[in-house]
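Next comes data-v3.cif, a file with mmCIF, C-alpha atoms.
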data_work
#
loop_
_atom_site.label_atom_id
_atom_site.label_comp_id
_atom_site.auth_asym_id
_atom_site.auth_seq_id
_atom_site.Cartn_x
_atom_site.Cartn_y
_atom_site.Cartn_z
CA MET D 21 0.00 0.00 0.00
CA ASN D 22 1.62 3.29 -1.03
CA LEU D 23 1.27 6.58 0.84
CA ASN D 24 -1.36 7.94 -1.51
CA SER D 25 -3.68 5.02 -1.04
CA LEU D 26 -3.14 5.11 2.72
CA LEU D 27 -4.06 8.81 2.85
CA PHE D 28 -7.05 8.12 0.68
CA ALA D 29 -8.17 5.35 3.02
CA LEU D 30 -7.67 7.64 6.07
CA GLY D 31 -9.62 10.38 4.36
CA GLN D 32 -12.41 7.94 3.70
CA THR D 33 -12.62 6.91 7.35
CA THR D 34 -12.35 10.37 8.91
CA SER D 35 -14.59 12.27 6.52
CA THR D 36 -18.34 12.63 6.92
CA PRO D 37 -20.30 9.38 6.84
CA PRO D 38 -21.28 8.23 3.40
CA PRO D 39 -24.75 9.11 2.17
CA PRO D 40 -27.39 6.44 2.74
CA THR D 41 -27.54 3.77 0.12
CA THR D 42 -30.68 3.28 -1.94
CA ASP D 43 -31.34 0.11 0.03
CA GLN D 44 -31.35 2.03 3.31
CA VAL D 45 -33.69 4.65 1.89
CA ASP D 46 -35.93 2.02 0.35
CA SER D 47 -36.22 0.08 3.57
CA GLY D 48 -37.09 3.23 5.52
CA PHE D 49 -34.04 2.98 7.80
CA VAL D 50 -33.14 6.64 7.19
CA TYR D 51 -36.66 7.69 8.19
CA VAL D 52 -36.44 5.75 11.45
CA ILE D 53 -33.14 7.47 12.28
CA ALA D 54 -34.62 10.87 11.35
CA ALA D 55 -37.67 10.26 13.56
CA PHE D 56 -35.46 9.05 16.40
CA ILE D 57 -33.26 12.18 16.20
CA ALA D 58 -36.34 14.43 16.00
CA VAL D 59 -37.88 12.83 19.10
CA TRP D 60 -34.68 13.18 21.13
CA LEU D 61 -34.18 16.74 19.94
CA LEU D 62 -37.70 17.70 21.03
CA ILE D 63 -37.23 15.96 24.38
CA ALA D 64 -33.87 17.69 24.94
CA VAL D 65 -35.26 21.12 24.04
CA TYR D 66 -38.29 20.70 26.32
CA LEU D 67 -36.22 19.39 29.24
CA PHE D 68 -33.74 22.25 28.82
CA TRP D 69 -36.56 24.81 28.75
CA LEU D 70 -38.24 23.28 31.79
CA ASN D 71 -34.99 23.15 33.72
CA ARG D 72 -34.11 26.74 32.84
CA ARG D 73 -37.48 28.00 34.05
CA GLN D 74 -37.11 26.01 37.29
CA GLU D 75 -33.60 27.33 37.86
CA SER D 76 -34.58 30.95 37.31
CA LEU D 77 -37.50 30.57 39.74
CA ARG D 78 -35.27 28.88 42.32
CA GLN D 79 -32.82 31.78 42.06
CA GLU D 80 -35.68 34.25 42.40
CA VAL D 81 -36.93 32.51 45.55
CA GLU D 82 -33.40 32.56 47.00
CA GLN D 83 -32.96 36.23 46.14
CA LEU D 84 -36.31 37.22 47.62
CA ARG D 85 -35.64 35.24 50.79
CA GLN D 86 -32.27 36.92 51.18
CA GLU D 87 -33.93 40.27 50.66
CA GLU D 88 -36.50 39.40 53.30
CA ALA D 89 -33.81 38.30 55.76
CA GLU D 90 -31.78 41.45 55.14
CA ARG D 91 -34.81 43.61 55.68
CA GLN D 92 -35.62 41.88 58.93
CA SER D 93 -32.05 42.25 60.21
CA THR D 94 -31.79 45.94 59.27
CA GLN D 95 -35.11 46.82 60.89
CA ALA D 96 -34.69 48.54 64.26
CA PRO D 97 -35.51 46.30 67.21
CA ALA D 98 -39.01 46.76 68.51
CA PRO D 99 -39.06 49.52 71.17
CA THR D 100 -39.41 48.13 74.65
CA ALA D 101 -42.22 49.50 76.70
CA PRO D 102 -41.19 51.90 79.42
CA PHE D 103 -40.82 50.37 82.82
CA THR D 104 -43.35 52.76 84.25
CA GLU D 105 -46.14 51.68 81.94
CA LEU D 106 -48.25 49.80 84.37
CA ASP D 107 -51.53 48.17 84.17
CA PRO D 108 -54.22 50.77 85.08
CA LYS D 109 -55.66 48.29 87.54
CA LEU D 110 -52.52 48.60 89.63
CA GLU D 111 -53.00 52.36 89.95
CA VAL D 112 -56.55 51.89 91.10
CA SER D 113 -55.61 49.50 93.80
CA GLY D 114 -52.84 51.87 94.85
CA THR D 115 -50.50 49.10 95.77
CA PRO D 116 -47.25 49.51 93.93
CA GLN D 117 -46.25 46.23 92.35
CA THR D 118 -43.52 45.15 90.05
CA PRO D 119 -44.77 45.50 86.50
CA GLN D 120 -43.79 42.00 85.50
CA GLY D 121 -46.32 40.47 83.21
CA ASN D 122 -48.04 43.78 82.54
CA LEU D 123 -45.67 45.10 79.94
CA ARG D 124 -46.86 45.39 76.44
CA GLY D 125 -44.78 44.25 73.51
CA MET J 14 -55.66 14.34 41.69
CA ALA J 15 -55.63 18.00 42.52
CA THR J 16 -55.06 17.24 46.16
CA LEU J 17 -52.10 15.20 45.01
CA THR J 18 -50.54 18.31 43.47
CA LYS J 19 -51.21 20.22 46.67
CA LYS J 20 -50.23 17.70 49.31
CA MET J 21 -47.31 16.04 47.57
CA ASP J 22 -44.95 18.92 47.25
CA PHE J 23 -42.82 17.47 44.49
CA GLY J 24 -40.35 20.24 45.09
CA GLY J 25 -39.34 18.84 48.42
CA GLY J 26 -40.32 15.28 47.84
CA VAL J 27 -42.57 13.08 49.90
CA THR J 28 -41.10 12.31 53.26
CA THR J 29 -41.04 8.72 54.43
CA GLY J 30 -39.48 8.57 57.87
CA LYS J 31 -36.25 10.51 57.93
CA ARG J 32 -35.25 10.06 54.31
CA LYS J 33 -36.89 11.98 51.51
CA PHE J 34 -38.44 9.96 48.74
CA ASP J 35 -38.20 11.74 45.41
CA LEU J 36 -40.32 9.98 42.80
CA SER J 37 -38.78 11.93 39.93
CA LYS J 38 -35.30 10.65 40.85
CA VAL J 39 -36.55 7.06 40.93
CA LEU J 40 -38.15 7.56 37.53
CA LEU J 41 -34.96 9.10 36.18
CA TRP J 42 -32.97 6.03 37.22
CA THR J 43 -35.51 3.60 35.84
CA MET J 44 -35.59 5.51 32.57
CA LEU J 45 -31.83 5.07 32.26
CA VAL J 46 -32.62 1.36 31.93
CA SER J 47 -35.95 1.47 30.15
CA PHE J 48 -34.97 3.82 27.31
CA PRO J 49 -32.02 1.71 26.07
CA LEU J 50 -34.11 -1.44 26.58
CA THR J 51 -36.89 0.03 24.44
CA LEU J 52 -34.36 0.92 21.77
CA ILE J 53 -33.02 -2.64 21.74
CA PHE J 54 -36.55 -4.02 21.39
CA ILE J 55 -37.32 -1.56 18.60
CA LEU J 56 -34.19 -2.65 16.72
CA LEU J 57 -34.93 -6.34 17.23
CA ALA J 58 -38.61 -6.10 16.32
CA PRO J 59 -39.51 -7.61 12.97
CA SER J 60 -40.12 -5.28 10.05
CA ASP J 61 -43.50 -4.86 8.44
CA PHE J 62 -43.95 -6.45 5.02
CA GLU J 63 -45.10 -3.25 3.29
CA LEU J 64 -43.65 -0.48 5.46
CA LYS J 65 -40.40 -2.36 6.03
CA TYR J 66 -37.99 -0.75 8.48
CA SER J 67 -39.99 2.51 8.68
CA GLN J 68 -42.70 0.69 10.66
CA ARG J 69 -40.46 1.13 13.73
CA ILE J 70 -41.44 4.82 13.84
CA PHE J 71 -44.76 3.47 15.09
CA TYR J 72 -43.12 2.72 18.46
CA PHE J 73 -42.43 6.45 19.05
CA HIS J 74 -45.47 7.73 17.19
CA MET J 75 -48.22 5.84 18.94
CA PRO J 76 -47.15 6.21 22.60
CA SER J 77 -46.69 9.96 22.13
CA ASN J 78 -50.18 10.25 20.62
CA ILE J 79 -51.74 8.22 23.43
CA LEU J 80 -50.00 10.45 26.00
CA CYS J 81 -51.08 13.55 24.11
CA LEU J 82 -54.74 12.54 24.37
CA LEU J 83 -54.22 11.55 28.01
CA SER J 84 -52.68 14.95 28.77
CA PHE J 85 -55.61 16.80 27.24
CA THR J 86 -57.97 14.56 29.22
CA ILE J 87 -56.08 15.53 32.39
CA TYR J 88 -56.42 19.16 31.32
CA PHE J 89 -60.18 18.64 30.89
CA ILE J 90 -60.47 17.05 34.36
CA GLY J 91 -58.45 19.94 35.80
CA GLY J 92 -60.79 22.38 34.05
CA LEU J 93 -63.88 20.76 35.53
CA GLY J 94 -62.26 20.64 38.96
CA TYR J 95 -61.30 24.30 38.80
CA TRP J 96 -64.75 25.31 37.64
CA ARG J 97 -66.28 23.59 40.66
CA THR J 98 -63.79 24.52 43.39
CA ARG J 99 -61.70 27.47 42.11
CA LYS J 100 -58.67 25.91 43.77
CA ARG J 101 -55.13 26.58 42.63
CA SER J 102 -54.24 22.86 42.65
CA TRP J 103 -56.69 22.26 39.78
CA ASP J 104 -55.13 25.15 37.91
CA ILE J 105 -51.72 23.50 38.29
CA LEU J 106 -53.17 20.28 36.90
CA MET J 107 -54.68 22.18 33.96
CA ILE J 108 -51.48 23.89 32.88
CA THR J 109 -49.53 20.64 33.32
CA GLY J 110 -51.98 18.78 31.09
CA LEU J 111 -52.03 21.56 28.54
CA GLU J 112 -48.27 21.89 28.21
CA LEU J 113 -47.59 18.15 28.11
CA GLY J 114 -50.42 17.65 25.64
CA VAL J 115 -48.95 20.16 23.23
CA PHE J 116 -45.47 18.65 23.69
CA PHE J 117 -46.59 15.08 22.96
CA ALA J 118 -48.80 16.26 20.09
CA LEU J 119 -45.73 17.88 18.57
CA ILE J 120 -43.77 14.62 18.86
CA GLY J 121 -46.69 12.77 17.29
CA ILE J 122 -46.99 15.21 14.41
CA VAL J 123 -43.23 15.29 13.67
CA THR J 124 -42.77 11.51 13.78
CA GLY J 125 -45.99 11.06 11.80
CA SER J 126 -44.80 13.45 9.10
CA ILE J 127 -41.48 11.65 8.74
CA TRP J 128 -43.26 8.32 8.52
CA ALA J 129 -45.79 9.74 6.04
CA ARG J 130 -42.94 10.81 3.75
CA TYR J 131 -41.99 7.16 3.40
CA ALA J 132 -45.43 5.56 3.52
CA TRP J 133 -47.50 8.08 1.54
CA GLY J 134 -44.75 9.94 -0.32
CA THR J 135 -45.50 13.29 1.31
CA PHE J 136 -44.79 14.96 4.65
CA TRP J 137 -48.30 16.30 4.96
CA THR J 138 -51.73 15.62 3.59
CA TRP J 139 -55.15 16.86 4.71
CA ASP J 140 -56.25 13.44 5.86
CA PRO J 141 -59.11 13.53 8.47
CA ARG J 142 -56.84 12.34 11.31
CA LEU J 143 -54.09 14.85 10.51
CA THR J 144 -56.60 17.66 10.06
CA THR J 145 -58.37 17.00 13.36
CA VAL J 146 -55.01 16.74 15.18
CA THR J 147 -53.94 20.08 13.67
CA ILE J 148 -57.21 21.74 14.73
CA MET J 149 -56.80 20.32 18.24
CA MET J 150 -53.22 21.57 18.44
CA VAL J 151 -54.17 25.06 17.21
CA VAL J 152 -57.08 25.31 19.68
CA TYR J 153 -54.90 24.33 22.63
CA LEU J 154 -52.01 26.55 21.51
CA ALA J 155 -54.45 29.48 21.28
CA GLY J 156 -55.63 28.70 24.80
CA TRP J 157 -52.07 28.61 26.05
CA MET J 158 -51.21 31.93 24.41
CA LEU J 159 -54.34 33.52 25.77
CA ARG J 160 -53.46 32.26 29.24
CA SER J 161 -50.02 33.84 29.04
CA SER J 162 -51.49 37.16 27.99
CA VAL J 163 -53.70 37.51 31.10
CA GLU J 164 -52.12 38.92 34.26
CA ASP J 165 -54.78 38.29 36.90
CA PRO J 166 -54.32 34.73 38.28
CA GLY J 167 -58.04 34.16 38.83
CA ARG J 168 -59.03 35.21 35.34
CA LYS J 169 -56.08 33.31 33.89
CA ALA J 170 -57.20 30.06 35.53
CA ALA J 171 -60.87 30.59 34.62
CA LEU J 172 -59.95 31.19 30.98
CA THR J 173 -57.75 28.09 30.92
CA ALA J 174 -60.61 26.05 32.40
CA VAL J 175 -63.02 27.25 29.70
CA PHE J 176 -60.51 26.28 26.98
CA GLY J 177 -59.90 22.93 28.66
CA ILE J 178 -63.60 22.07 28.79
CA ILE J 179 -64.59 23.34 25.35
CA GLY J 180 -61.39 22.21 23.63
CA PHE J 181 -61.90 18.66 24.86
CA ILE J 182 -64.50 18.19 22.10
CA ASN J 183 -61.48 17.73 19.83
CA VAL J 184 -60.10 14.71 21.71
CA PRO J 185 -62.82 12.15 20.85
CA LEU J 186 -63.03 13.73 17.40
CA VAL J 187 -59.33 12.98 16.83
CA TYR J 188 -59.69 9.45 18.16
CA PHE J 189 -62.76 8.57 16.10
CA SER J 190 -61.75 10.53 12.97
CA THR J 191 -60.44 7.40 11.23
CA ARG J 192 -63.74 5.64 11.91
CA PHE J 193 -65.95 8.58 10.94
CA PHE J 194 -64.03 9.14 7.71
CA PRO J 195 -62.72 5.73 6.63
CA ALA J 196 -61.67 7.08 3.23
CA GLY J 197 -58.63 8.77 4.81
CA LEU J 198 -55.09 7.49 4.55
CA HIS J 199 -54.49 7.02 8.26
CA PRO J 200 -55.25 3.45 9.36
CA ILE J 201 -57.45 2.47 12.31
CA VAL J 202 -55.08 1.21 14.98
CA PHE J 203 -57.33 0.04 17.80
CA GLY J 204 -60.43 -2.10 17.72
CA THR J 205 -61.37 -5.31 16.01
CA ASN J 206 -63.82 -3.78 13.57
CA GLY J 207 -61.82 -2.73 10.58
CA ALA J 208 -58.48 -2.39 12.35
CA ALA J 209 -55.92 -2.02 9.61
CA VAL J 210 -52.77 -2.41 11.68
CA ALA J 211 -51.92 -6.02 12.34
CA LEU J 212 -49.18 -6.56 14.91
CA GLU J 213 -47.57 -9.89 15.59
CA GLY J 214 -46.41 -11.11 19.03
CA PHE J 215 -42.98 -9.48 19.32
CA MET J 216 -44.30 -6.23 17.83
CA ILE J 217 -46.98 -6.06 20.54
CA VAL J 218 -44.35 -6.68 23.25
CA THR J 219 -42.18 -3.88 21.80
CA LEU J 220 -45.16 -1.56 21.65
CA VAL J 221 -46.11 -2.30 25.28
CA ILE J 222 -42.51 -1.68 26.44
CA SER J 223 -42.41 1.55 24.47
CA ILE J 224 -45.71 2.72 25.97
CA ILE J 225 -44.45 1.92 29.49
CA THR J 226 -41.20 3.85 28.89
CA PHE J 227 -43.00 6.85 27.44
CA SER J 228 -45.45 6.76 30.35
CA GLN J 229 -42.57 6.84 32.82
CA PHE J 230 -41.22 9.87 31.01
CA PHE J 231 -44.69 11.41 31.05
CA VAL J 232 -44.98 11.01 34.84
CA TYR J 233 -41.48 12.45 35.24
CA LEU J 234 -42.41 15.48 33.15
CA MET J 235 -45.65 15.90 35.05
CA ILE J 236 -43.77 16.00 38.35
CA GLN J 237 -41.31 18.52 36.95
CA ARG J 238 -44.11 20.70 35.61
CA ILE J 239 -45.97 20.63 38.95
CA ARG J 240 -42.69 21.48 40.66
CA LEU J 241 -42.35 24.51 38.41
CA GLU J 242 -45.79 25.77 39.42
CA ASN J 243 -45.00 25.16 43.10
CA LEU J 244 -41.88 27.28 42.68
CA ARG J 245 -44.00 30.00 41.06
CA ASP J 246 -46.29 29.92 44.08
CA GLN J 247 -43.29 30.17 46.39
CA VAL J 248 -42.06 33.26 44.52
CA ALA J 249 -45.51 34.83 44.73
CA GLY J 250 -45.73 34.00 48.43
CA VAL J 251 -42.36 35.53 49.35
CA ARG J 252 -43.13 38.57 47.18
CA MET J 253 -46.42 39.06 48.94
CA ALA J 254 -44.74 38.79 52.33
CA LEU J 255 -42.17 41.38 51.29
CA ASN J 256 -44.84 43.76 50.02
CA GLU J 257 -46.79 43.36 53.27
CA ASP J 258 -43.65 44.21 55.22
CA GLU J 259 -43.18 47.28 53.07
CA ASP J 260 -46.76 48.42 53.63
CA TYR J 261 -46.38 47.86 57.36
CA ALA J 262 -43.17 49.86 57.47
#
structure tokens encoding of this file:
Amino acid sequence: MNLNSLLFALGQTTSTPPPPTTDQVDSGFVYVIAAFIAVWLLIAVYLFWLNRRQESLRQEVEQLRQEEAERQSTQAPAPTAPFTELDPKLEVSGTPQTPQGNLRG
Amino acid sequence: MATLTKKMDFGGGVTTGKRKFDLSKVLLWTMLVSFPLTLIFILLAPSDFELKYSQRIFYFHMPSNILCLLSFTIYFIGGLGYWRTRKRSWDILMITGLELGVFFALIGIVTGSIWARYAWGTFWTWDPRLTTVTIMMVVYLAGWMLRSSVEDPGRKAALTAVFGIIGFINVPLVYFSTRFFPAGLHPIVFGTNGAAVALEGFMIVTLVISIITFSQFFVYLMIQRIRLENLRDQVAGVRMALNEDEDYA
């Protein structure tokens, strides 16, 4: 085998696959392959689209939750009720008591 | 079924004891086996005398069409459920059925066209079955587009329900089109009276395996689609909470 024939043989094997023979077309083999590729392509596109929508929503949920957490942490702590704010009942009775349990908030 | 979408939060999975059971993951693993197995069966199945090798397209074409009709039936059930209860879970079922129905209809149409090129010599012909399928597809696509154009969730769901109920007229029409108009090119597949497709033993086994595999994929997609809607609800919920905080501040 000379170099030319070797290169030719290599070229034959590495180039694009040969076109389908008339037998393959006649038997419908090419159509089966085409249908198979079409089905997988549609499945891949739909799965990709579904996954992308899910991912973007997941990110949005994360972002919103972070925003919520940040907002809660930056909010000033709720003002504590003054120690002197007593239950009016205590004033009526006139007996000074510790305000435990009567504080609001 | 609607309570299933509500109670089984497919986003987090169903909890059994301490470990989480995720049905979609199980299906994904089983599909890794069932899809190659189906392919092997399709390759080993005997060829049809007239349609030769191209008859194998039938094993993608028919399951996708069955699932398409099933999806639109689910959409119809969701529509009826929503009309009665006005619950969000029925709305989720509706949109899942609608989207999957259109997806499987598209697979059916594409594979059918490729097969028709070999069997009938043309990609498309206005045969009664093909025409009714096209009408069905257009009606549901219109419903889907209309749904996306409405902002208000209540109106959106009500509109989808109306389309789901009225559009369902197409489903039996598609199924019986080959019987109503026997002069068409599309053969009758099911039924003993005048069934034109004769399948031998191994072909039936291949078809059953293919239907099971496609059904697994259908359930997987359904879970994923419900999950997507659950995520949408989560976004809406957190947004609402944030807005309430803003109003309060």
- Query: Residues of chain D within 9 Å of chain J, using only C-alpha atoms, as a ChimeraX atom specification?
  - Reply: /D:44-56,58-59,62-63,66-67,70-71,73-74,77-78,80-81,84-85,87-88,91
- Best match for closeness to Gly177 (chain J) among J:Asp35, J:Glu257, J:Asp61, J:Asp104, counting only C-alpha atoms: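 Ranking J:Asp35, J:Glu257, J:Asp61, J:Asp104 by distance to Gly177 (chain J), first place goes to J:Asp104.
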- Target residues per the PyMOL selection byres ((chain J and resi 221-226) around 10), formatted as a ChimeraX atom specification: /J:40,43-44,46-52,54-55,71-73,75-77,79-80,215-220,227-231
- Determine the residue set returned by the PyMOL selection byres ((chain J and resi 151) around 12) for the present structure, and present it as a count of residues only. 21
- One-decimal distance in Å that lies between CA of Met235 (chain J) and CA of Ala170 (chain J): 18.3 Å
- Query: Could you work out how far CA of Thr86 (chain J) lies from CA of Lys38 (chain J), giving the answer in Å with one decimal?
  - Reply: 25.8 Å
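Across the model, the gap from CA of Arg99 (chain J) to CA of Arg168 (chain J) is 10.6 Å.
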- Message: Given the PyMOL selection byres ((chain J and resi 174) around 9) and the file above, list the residues it selects as a PyMOL selection string.
- Response: chain J and resi 88-89+91-96+104+107+169-173+175-179
